[in-house]
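Visitor: Just one file: model-v1.txt, with compact mmCIF, C-alpha atoms and all ligand atoms.
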# COMPACT_ATOMS: atom_id res chain seq x y z
CA MET Y 1 -31.52 58.30 13.68
CA GLU Y 2 -28.83 60.69 14.89
CA ASN Y 3 -26.37 61.88 12.30
CA PHE Y 4 -22.79 60.74 12.15
CA PRO Y 5 -20.77 63.36 14.10
CA VAL Y 6 -18.95 65.84 11.89
CA ILE Y 7 -16.63 68.27 13.64
CA ASN Y 8 -15.70 71.55 12.00
CA PHE Y 9 -12.18 72.04 13.34
CA GLU Y 10 -12.15 75.75 12.46
CA LYS Y 11 -14.88 76.37 14.99
CA LEU Y 12 -12.50 75.46 17.80
CA SER Y 13 -10.87 78.83 17.47
CA GLY Y 14 -14.03 80.90 17.37
CA GLU Y 15 -17.16 81.70 19.30
CA GLU Y 16 -18.47 78.18 18.86
CA ARG Y 17 -15.57 76.53 20.68
CA LYS Y 18 -17.67 75.40 23.64
CA ALA Y 19 -20.38 73.82 21.50
CA THR Y 20 -17.73 72.15 19.33
CA MET Y 21 -15.94 70.71 22.37
CA GLU Y 22 -19.31 69.36 23.53
CA LYS Y 23 -19.83 67.76 20.14
CA ILE Y 24 -16.42 66.09 20.36
CA LYS Y 25 -17.23 64.89 23.84
CA ASP Y 26 -20.54 63.44 22.71
CA ALA Y 27 -18.84 61.73 19.76
CA CYS Y 28 -16.18 60.20 22.03
CA GLU Y 29 -18.74 59.01 24.56
CA ASN Y 30 -21.36 57.72 22.17
CA TRP Y 31 -19.73 56.89 18.85
CA GLY Y 32 -16.01 56.32 19.38
CA PHE Y 33 -15.73 57.97 15.96
CA PHE Y 34 -16.09 61.39 14.38
CA GLU Y 35 -15.25 63.02 11.08
CA LEU Y 36 -13.11 66.18 10.95
CA VAL Y 37 -13.57 68.88 8.34
CA ASN Y 38 -11.65 72.15 7.91
CA HIS Y 39 -8.81 70.48 9.80
CA GLY Y 40 -6.01 72.56 8.28
CA ILE Y 41 -4.22 69.78 6.39
CA PRO Y 42 -3.82 71.21 2.88
CA TYR Y 43 -6.23 69.70 0.38
CA ASP Y 44 -3.63 69.69 -2.36
CA LEU Y 45 -1.39 67.53 -0.15
CA MET Y 46 -4.29 65.12 0.38
CA ASP Y 47 -4.99 65.06 -3.36
CA THR Y 48 -1.36 64.20 -4.05
CA VAL Y 49 -1.36 61.45 -1.40
CA GLU Y 50 -4.49 60.01 -3.01
CA ARG Y 51 -3.15 60.18 -6.56
CA LEU Y 52 0.19 58.59 -5.65
CA THR Y 53 -1.46 55.90 -3.52
CA LYS Y 54 -3.83 54.94 -6.33
CA ASP Y 55 -1.05 55.00 -8.94
CA HIS Y 56 1.17 52.85 -6.75
CA TYR Y 57 -1.64 50.34 -6.21
CA LYS Y 58 -2.33 50.07 -9.95
CA LYS Y 59 1.32 49.81 -10.87
CA CYS Y 60 2.72 47.60 -8.11
CA LEU Y 61 0.00 45.86 -6.12
CA GLU Y 62 -3.14 45.19 -8.13
CA GLN Y 63 -1.73 42.33 -10.16
CA ARG Y 64 -0.31 40.69 -7.04
CA PHE Y 65 -3.70 40.91 -5.33
CA LYS Y 66 -5.41 39.29 -8.32
CA GLU Y 67 -2.90 36.46 -8.31
CA MET Y 68 -3.41 35.90 -4.60
CA VAL Y 69 -7.18 35.69 -5.16
CA ALA Y 70 -6.70 33.23 -8.02
CA ASN Y 71 -4.25 31.08 -6.04
CA LYS Y 72 -6.61 30.83 -3.11
CA GLY Y 73 -9.65 30.26 -5.32
CA LEU Y 74 -11.46 33.11 -3.59
CA GLU Y 75 -13.57 34.11 -6.59
CA GLY Y 76 -15.67 31.01 -6.28
CA VAL Y 77 -16.12 30.64 -2.52
CA GLN Y 78 -19.50 29.34 -1.41
CA THR Y 79 -19.25 29.78 2.35
CA GLU Y 80 -18.14 32.63 4.57
CA VAL Y 81 -14.38 33.22 4.64
CA LYS Y 82 -13.37 33.81 8.26
CA ASP Y 83 -9.60 33.80 8.15
CA MET Y 84 -8.74 36.55 5.70
CA ASP Y 85 -9.69 39.97 4.44
CA TRP Y 86 -10.31 41.24 0.90
CA GLU Y 87 -7.61 43.87 1.28
CA SER Y 88 -4.27 44.83 -0.21
CA SER Y 89 -2.14 46.78 2.26
CA PHE Y 90 1.31 47.76 3.39
CA PHE Y 91 2.54 49.50 6.50
CA LEU Y 92 4.71 52.58 6.91
CA ARG Y 93 6.26 53.31 10.30
CA HIS Y 94 7.11 56.90 11.16
CA LEU Y 95 7.93 56.83 14.88
CA PRO Y 96 10.03 56.03 16.82
CA GLU Y 97 11.96 55.77 13.57
CA SER Y 98 10.84 55.79 9.95
CA ASN Y 99 11.01 52.68 7.77
CA ILE Y 100 9.82 54.51 4.64
CA SER Y 101 13.20 54.33 2.92
CA LYS Y 102 13.14 50.52 3.30
CA ILE Y 103 9.73 49.86 1.74
CA PRO Y 104 10.23 48.53 -1.79
CA ASP Y 105 8.71 49.94 -4.99
CA LEU Y 106 7.84 53.44 -3.72
CA SER Y 107 8.86 56.41 -5.82
CA ASP Y 108 10.94 59.13 -4.18
CA GLU Y 109 8.05 61.51 -4.58
CA TYR Y 110 5.63 59.09 -2.88
CA ARG Y 111 8.03 58.56 0.04
CA MET Y 112 8.45 62.30 0.48
CA VAL Y 113 4.75 63.07 0.29
CA MET Y 114 3.85 60.33 2.78
CA LYS Y 115 6.42 61.71 5.21
CA GLU Y 116 4.97 65.17 4.90
CA PHE Y 117 1.41 63.88 5.34
CA ALA Y 118 2.42 61.81 8.37
CA LEU Y 119 4.00 64.83 10.03
CA LYS Y 120 0.75 66.77 9.69
CA LEU Y 121 -1.24 63.85 11.06
CA GLU Y 122 1.14 63.44 13.99
CA LYS Y 123 0.58 67.09 14.95
CA MET Y 124 -3.15 66.65 14.53
CA ALA Y 125 -3.17 63.53 16.72
CA GLU Y 126 -1.39 65.42 19.50
CA GLU Y 127 -3.77 68.32 19.19
CA LEU Y 128 -6.72 65.95 19.39
CA LEU Y 129 -5.28 64.20 22.43
CA ASP Y 130 -5.20 67.55 24.21
CA LEU Y 131 -8.81 68.22 23.28
CA LEU Y 132 -9.68 64.85 24.76
CA CYS Y 133 -7.73 65.75 27.91
CA GLU Y 134 -9.75 68.91 28.21
CA ASN Y 135 -13.03 67.06 27.84
CA LEU Y 136 -11.96 64.38 30.30
CA GLY Y 137 -10.77 66.91 32.89
CA LEU Y 138 -7.16 65.77 32.59
CA GLU Y 139 -4.31 68.24 32.52
CA LYS Y 140 -3.05 69.33 29.10
CA GLY Y 141 -0.37 66.94 27.87
CA TYR Y 142 -1.55 64.04 30.08
CA LEU Y 143 -2.34 61.66 27.21
CA LYS Y 144 0.75 62.54 25.23
CA LYS Y 145 2.82 61.84 28.32
CA ALA Y 146 0.93 58.61 29.03
CA PHE Y 147 1.82 57.41 25.51
CA TYR Y 148 5.43 58.51 25.68
CA GLY Y 149 7.29 55.61 27.31
CA SER Y 150 11.05 55.99 27.01
CA ARG Y 151 11.20 56.68 23.26
CA GLY Y 152 8.02 58.56 22.45
CA PRO Y 153 4.89 57.29 20.72
CA THR Y 154 4.64 54.69 17.98
CA PHE Y 155 3.16 56.19 14.86
CA GLY Y 156 2.49 54.37 11.63
CA THR Y 157 0.28 54.32 8.56
CA LYS Y 158 -1.51 51.39 7.00
CA VAL Y 159 -2.03 52.11 3.31
CA ALA Y 160 -4.86 49.91 2.11
CA ASN Y 161 -6.87 49.31 -1.01
CA TYR Y 162 -10.06 47.30 -1.02
CA PRO Y 163 -10.51 45.98 -4.56
CA PRO Y 164 -13.90 45.08 -6.02
CA CYS Y 165 -15.12 41.78 -4.63
CA PRO Y 166 -17.57 39.40 -6.30
CA LYS Y 167 -18.78 37.94 -2.97
CA PRO Y 168 -18.99 40.75 -0.40
CA ASP Y 169 -21.46 38.76 1.67
CA LEU Y 170 -18.90 35.97 2.09
CA VAL Y 171 -15.60 37.85 2.39
CA LYS Y 172 -15.20 41.05 4.42
CA GLY Y 173 -12.90 43.85 3.26
CA LEU Y 174 -11.73 43.89 6.87
CA ARG Y 175 -13.34 41.78 9.57
CA ALA Y 176 -14.90 43.48 12.61
CA HIS Y 177 -12.44 44.58 15.29
CA THR Y 178 -11.57 47.41 17.63
CA ASP Y 179 -8.23 49.14 17.17
CA ALA Y 180 -5.64 48.26 19.78
CA GLY Y 181 -3.84 51.58 19.98
CA GLY Y 182 -4.52 55.20 20.84
CA ILE Y 183 -6.07 57.51 18.29
CA ILE Y 184 -6.55 56.68 14.61
CA LEU Y 185 -6.71 59.20 11.76
CA LEU Y 186 -8.16 57.89 8.53
CA PHE Y 187 -8.07 59.39 5.07
CA GLN Y 188 -10.64 57.36 3.19
CA ASP Y 189 -11.82 57.27 -0.40
CA ASP Y 190 -14.44 59.93 -1.03
CA LYS Y 191 -16.38 57.85 -3.54
CA VAL Y 192 -16.18 54.16 -2.72
CA CYS Y 193 -17.75 53.50 0.70
CA GLY Y 194 -17.43 50.45 2.93
CA LEU Y 195 -16.38 51.42 6.47
CA GLN Y 196 -19.02 50.73 9.10
CA LEU Y 197 -19.12 51.06 12.87
CA LEU Y 198 -21.26 49.21 15.37
CA LYS Y 199 -23.59 51.47 17.33
CA ASP Y 200 -26.35 50.17 19.60
CA GLY Y 201 -26.13 46.79 17.91
CA LYS Y 202 -26.45 48.16 14.37
CA TRP Y 203 -23.85 48.63 11.66
CA ILE Y 204 -23.73 52.26 10.53
CA ASP Y 205 -21.85 53.60 7.49
CA VAL Y 206 -19.02 56.05 8.04
CA PRO Y 207 -19.93 58.34 5.16
CA PRO Y 208 -17.26 59.22 2.60
CA MET Y 209 -16.68 62.97 2.60
CA ARG Y 210 -14.11 64.63 0.38
CA HIS Y 211 -11.02 65.87 2.26
CA SER Y 212 -12.29 64.85 5.67
CA ILE Y 213 -10.29 62.89 8.24
CA VAL Y 214 -12.13 60.18 10.16
CA ILE Y 215 -11.02 59.87 13.77
CA ASN Y 216 -11.58 56.87 16.03
CA LEU Y 217 -10.43 55.83 19.46
CA GLY Y 218 -8.52 52.66 20.24
CA ASP Y 219 -8.42 50.32 23.23
CA GLN Y 220 -5.70 52.33 25.01
CA LEU Y 221 -7.92 55.40 25.29
CA GLU Y 222 -10.66 53.22 26.70
CA VAL Y 223 -8.24 52.01 29.38
CA ILE Y 224 -6.77 55.43 30.23
CA SER Y 225 -10.22 57.05 30.33
CA ASN Y 226 -11.32 54.12 32.49
CA GLY Y 227 -14.17 53.35 30.14
CA LYS Y 228 -15.50 56.91 29.78
CA TYR Y 229 -14.58 56.53 26.13
CA LYS Y 230 -14.90 53.22 24.36
CA SER Y 231 -13.06 51.79 21.40
CA VAL Y 232 -15.84 50.92 18.98
CA GLU Y 233 -16.06 47.88 16.72
CA HIS Y 234 -15.79 48.59 13.01
CA ARG Y 235 -15.37 46.69 9.75
CA VAL Y 236 -15.00 47.23 6.03
CA ILE Y 237 -17.57 45.81 3.64
CA ALA Y 238 -16.00 45.02 0.28
CA GLN Y 239 -17.82 46.54 -2.67
CA THR Y 240 -18.67 44.86 -5.95
CA ASN Y 241 -17.63 47.98 -7.86
CA GLY Y 242 -14.66 50.27 -7.42
CA THR Y 243 -11.48 50.03 -5.38
CA ARG Y 244 -11.64 51.81 -2.02
CA MET Y 245 -8.54 53.62 -0.81
CA SER Y 246 -8.00 53.91 2.91
CA ILE Y 247 -4.98 55.41 4.61
CA ALA Y 248 -5.17 54.78 8.35
CA SER Y 249 -2.60 56.34 10.67
CA PHE Y 250 -2.24 54.95 14.16
CA TYR Y 251 -0.89 57.19 16.93
CA ASN Y 252 -0.10 54.66 19.63
CA PRO Y 253 1.84 54.46 22.88
CA GLY Y 254 5.52 53.68 22.79
CA SER Y 255 6.24 49.98 23.19
CA ASP Y 256 7.39 50.31 26.82
CA ALA Y 257 4.74 52.82 27.89
CA VAL Y 258 2.82 51.63 30.93
CA ILE Y 259 -0.89 52.06 30.33
CA TYR Y 260 -3.43 52.34 33.15
CA PRO Y 261 -6.57 54.30 34.00
CA ALA Y 262 -5.90 57.97 34.80
CA PRO Y 263 -6.17 58.16 38.61
CA ALA Y 264 -8.40 61.25 38.28
CA LEU Y 265 -10.97 59.13 36.44
CA VAL Y 266 -11.04 56.26 38.91
CA ASP Y 267 -13.01 56.22 42.09
CA GLN Y 268 -12.51 53.44 44.58
CA ASN Y 269 -15.59 51.56 43.44
CA ASN Y 270 -15.18 51.59 39.73
CA GLU Y 271 -11.61 50.62 38.97
CA VAL Y 272 -12.20 48.13 36.19
CA TYR Y 273 -9.44 48.55 33.67
CA PRO Y 274 -6.01 46.97 34.12
CA LYS Y 275 -2.42 48.20 33.98
CA PHE Y 276 0.04 46.77 31.46
CA VAL Y 277 2.98 47.53 29.22
CA PHE Y 278 1.69 48.50 25.76
CA GLU Y 279 3.95 46.02 23.96
CA GLU Y 280 2.48 43.16 26.01
CA TYR Y 281 -1.00 44.25 24.98
CA MET Y 282 0.05 44.26 21.33
CA LYS Y 283 1.44 40.73 21.60
CA LEU Y 284 -1.90 39.55 22.90
CA TYR Y 285 -3.82 41.59 20.29
CA ALA Y 286 -1.84 40.07 17.43
CA GLY Y 287 -3.61 36.75 17.93
CA LEU Y 288 -7.00 38.08 19.07
CA LYS Y 289 -7.61 41.12 16.89
CA PHE Y 290 -10.86 39.85 15.45
CA GLN Y 291 -12.28 38.83 18.79
CA ALA Y 292 -14.00 40.84 21.51
CA LYS Y 293 -11.75 43.22 23.42
CA GLU Y 294 -13.02 42.37 26.92
CA PRO Y 295 -10.99 39.15 27.27
CA ARG Y 296 -7.90 41.17 26.31
CA PHE Y 297 -8.49 43.56 29.19
CA GLU Y 298 -9.32 40.62 31.48
CA ALA Y 299 -6.05 38.92 30.64
CA PHE Y 300 -4.09 41.74 32.30
CA LYS Y 301 -6.15 42.06 35.45
CA GLY Y 302 -4.27 41.16 38.58
CA SER Y 303 -1.04 40.84 36.65
CA ASN Y 304 2.03 42.57 37.97
CA VAL Y 305 3.48 44.97 35.49
CA HIS Y 306 7.00 44.07 34.67
CA LEU Y 307 8.71 47.33 33.89
CA GLY Y 308 12.09 45.98 32.83
CA PRO Y 309 15.37 47.76 33.20
CA ILE Y 310 15.25 51.52 33.47
CA SER Y 311 16.40 53.09 30.26
CA THR Y 312 19.30 55.47 30.63
CA ALA Y 313 19.34 56.56 27.01
C1 LIG Y 401 -7.93 49.33 10.44
C2 LIG Y 401 -9.21 49.81 9.94
C3 LIG Y 401 -10.50 50.86 8.25
C4 LIG Y 401 -10.40 51.22 6.84
O1 LIG Y 401 -6.99 49.23 9.63
O2 LIG Y 401 -7.83 49.05 11.63
O3 LIG Y 401 -10.16 49.74 10.64
O4 LIG Y 401 -11.30 51.90 6.39
N1 LIG Y 401 -9.28 50.30 8.71
O5 LIG Y 401 -9.45 50.82 6.22
NI NI Y 402 -9.53 49.48 12.62
For the structure just supplied, provide its representation as structure tokens.
Ligand code: OGA
Ligand code: NI
Guide:
Amino acid sequence: MENFPVINFEKLSGEERKATMEKIKDACENWGFFELVNHGIPYDLMDTVERLTKDHYKKCLEQRFKEMVANKGLEGVQTEVKDMDWESSFFLRHLPESNISKIPDLSDEYRMVMKEFALKLEKMAEELLDLLCENLGLEKGYLKKAFYGSRGPTFGTKVANYPPCPKPDLVKGLRAHTDAGGIILLFQDDKVCGLQLLKDGKWIDVPPMRHSIVINLGDQLEVISNGKYKSVEHRVIAQTNGTRMSIASFYNPGSDAVIYPAPALVDQNNEVYPKFVFEEYMKLYAGLKFQAKEPRFEAFKGSNVHLGPISTA
């Protein structure tokens, strides 16, 4: 079997740039996922993010998760649980404006470190979007602009912990789905595994690798690339031992951004992806996340995009 694509980011500035761009292209076309190493985000910052995230979970969230499990009687389930995930998570928004100061129970240090980490990831997301532009034959800045809307992109981080689970065959850590948004940057536990992607009908592990960042593409990049790149289904298998940390940052279009296939990637015969306002897509996704993406795209076909009042701000 082919190996999971690992991209050495440093090689983009050297003699091996062309081969590395090809590798990214292949990963986008055939995996929807790749893992970045030597990406330039300081390892000591990542170590601090990890330490504070794990401390915060132990101190503020673990007990609550255990109580939830006890209240729902999940320890003793006998049949597959299809309406929930074995996951403890909270969400930080960074753009268009940060909500970090409003999230309860975070230490000042944790807030500050997460802001710093998010800023690095935001830059990395924009850099990656330009690499994708280059591989797709779109002008530099095209994807960033496509995501911009009137207030810039939406950028947020889901901080998750997947605690040990006695029945991983009956309860998923996170049920299979594709991500709705643009590009996702994931800092995952380097010891406890669990993330899998669907490739050619088989579930494949996304291997834990210390200090790497896992990248995957969401539904919006599938639409804009007119299907050249696909958002790929993935899931988290809960483990019987160990708590898995996962910090997933979502660089998404702004809520009023109008999303449609890049005209340069559409020829008259193959226009298959629809046009819609990102926020409308998200409303639909909220109820259908764990279902196939195709009906979501279908739902917008033939619909007239309502652009709303023109913002003067
Ligand atoms: C997600 C997701 C994977 C993980 O939040 O959409 O796929 O490893 N997370 O937490
Ligand atoms: Ni996901």
Visitor: Would you mind reading off the distance between CA of Leu288 in chain Y and CA of Leu95 in chain Y, one decimal, in Å?
Guide: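 For CA of Leu288 in chain Y relative to CA of Leu95 in chain Y, the distance reads 24.3 Å.
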Visitor: What does the distance between CA of Glu16 in chain Y and CA of Tyr229 in chain Y come to in Å, to one decimal place?
Guide: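 Computing the Euclidean distance for CA of Glu16 in chain Y and CA of Tyr229 in chain Y yields 23.2 Å.
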Visitor: For range 156-173 of chain Y, find every residue with an atom within 7 Å (counting only C-alpha atoms), except residues of its own chain fewer than 4 positions away, and show them as a PyMOL selection string.
Guide: chain Y and resi 75+79-81+85-95+236-251
Visitor: With all atoms of range 197-215 of chain Y from the file as input, state the centre and edge lengths in Å to one decimal of the axis-aligned box that has 5 Å extra on each side, as lines of an AutoDock Vina configuration file.
Guide:
center_x = -18.4
center_y = 56.3
center_z = 10.0
size_x = 26.2
size_y = 29.1
size_z = 29.2
Visitor: I'd like to know which of Y:Glu280, Y:Lys72, Y:Leu45, Y:Leu61 is closest to Lys115 in chain Y, using only C-alpha atoms.
Guide: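 Closest to Lys115 in chain Y of all the choices is Y:Leu45.
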Visitor: Once you count all atoms listed in the file, which residues end up within 7 Å of ligand NI 402 (chain Y), and could you hand them over as a list of chain:residue names?
Guide: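 Residues satisfying the distance criterion: Y:His177, Y:Thr178, Y:Asp179, Y:His234.
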Visitor: In Å, how far is it from CA of Pro96 in chain Y to CA of Ser255 in chain Y?
Guide: 9.6 Å
Visitor: Of the residues Y:Gln196, Y:Gln63, Y:Ser225, Y:Ser231, which is the one nearest to ligand LIG 401 (chain Y), using all atoms listed in the file?
Guide: Y:Gln196
Visitor: Give the answer as one residue: which of Y:Gly254, Y:Pro295, Y:Pro207, Y:Gly302 has the shortest atom-to-atom distance to ligand LIG 401 (chain Y), using all atoms listed in the file?
Guide: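 Of Y:Gly254, Y:Pro295, Y:Pro207, Y:Gly302, the one nearest ligand LIG 401 (chain Y), counting all atoms listed in the file, is Y:Pro207.
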Visitor: Would you mind telling me which residue in Y:Ala299, Y:Leu36, Y:Val305, Y:Ala180 lies nearest to ligand LIG 401 (chain Y) when using all atoms listed in the file?
Guide: Y:Ala180
Visitor: Quick one: residues within 6 Å of range 190-192 of chain Y, all atoms listed in the file, excluding same-chain residues fewer than 5 positions away - as a list in words?
Guide: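 Selected residues are Pro208, Met209, Arg210 and Arg244 of chain Y.
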Visitor: I need the residue nearest Phe276 in chain Y from this list: Y:Ser212, Y:Ser303, Y:Thr53, Y:Asn8. Use only C-alpha atoms for the distance.
Guide: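 Checking each of Y:Ser212, Y:Ser303, Y:Thr53, Y:Asn8 against Phe276 in chain Y, counting only C-alpha atoms, the winner is Y:Ser303.
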Visitor: What's around range 17-31 of chain Y at 7 Å? Count all atoms listed in the file, leave out sequence neighbours fewer than 4 positions away in its own chain, and write the answer as a list in words.
Guide: Pro5, Ile7, Lys11, Leu12, Ser13, Asn135, Lys199, Lys228, Tyr229 and Lys230 of chain Y
Visitor: At most 8 Å from (-21.0, 51.2, 9.0), file frame, all atoms listed in the file: which residues, as a list in words?
Guide: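 I get Gly194, Leu195, Gln196, Leu197, Leu198, Trp203, Ile204, Asp205, Val206, His234, Arg235 and Val236 of chain Y for the residues within 8 Å of that point.
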Visitor: If we count all atoms listed in the file and set the cut-off at 7 Å, which residues sit around His39 in chain Y, ignoring sequence neighbours fewer than 2 positions away in its own chain? Please answer as a list in words.
Guide: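 That gives Phe9, Glu10, Leu36, Val37 and Ile41 of chain Y.
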Visitor: Choose the residue, out of Y:Asn270, Y:Ser101, Y:Gln188, Y:Asn3, that has the smallest atom-to-atom separation from ligand LIG 401 (chain Y); count only C-alpha atoms and all ligand atoms.
Guide: Y:Gln188
Visitor: If we count all atoms listed in the file and set the cut-off at 12 Å, which residues sit around Leu284 in chain Y, ignoring sequence neighbours fewer than 2 positions away in its own chain? Please answer as a ChimeraX atom specification.
Guide: /Y:180,276-282,286-291,293,295-300
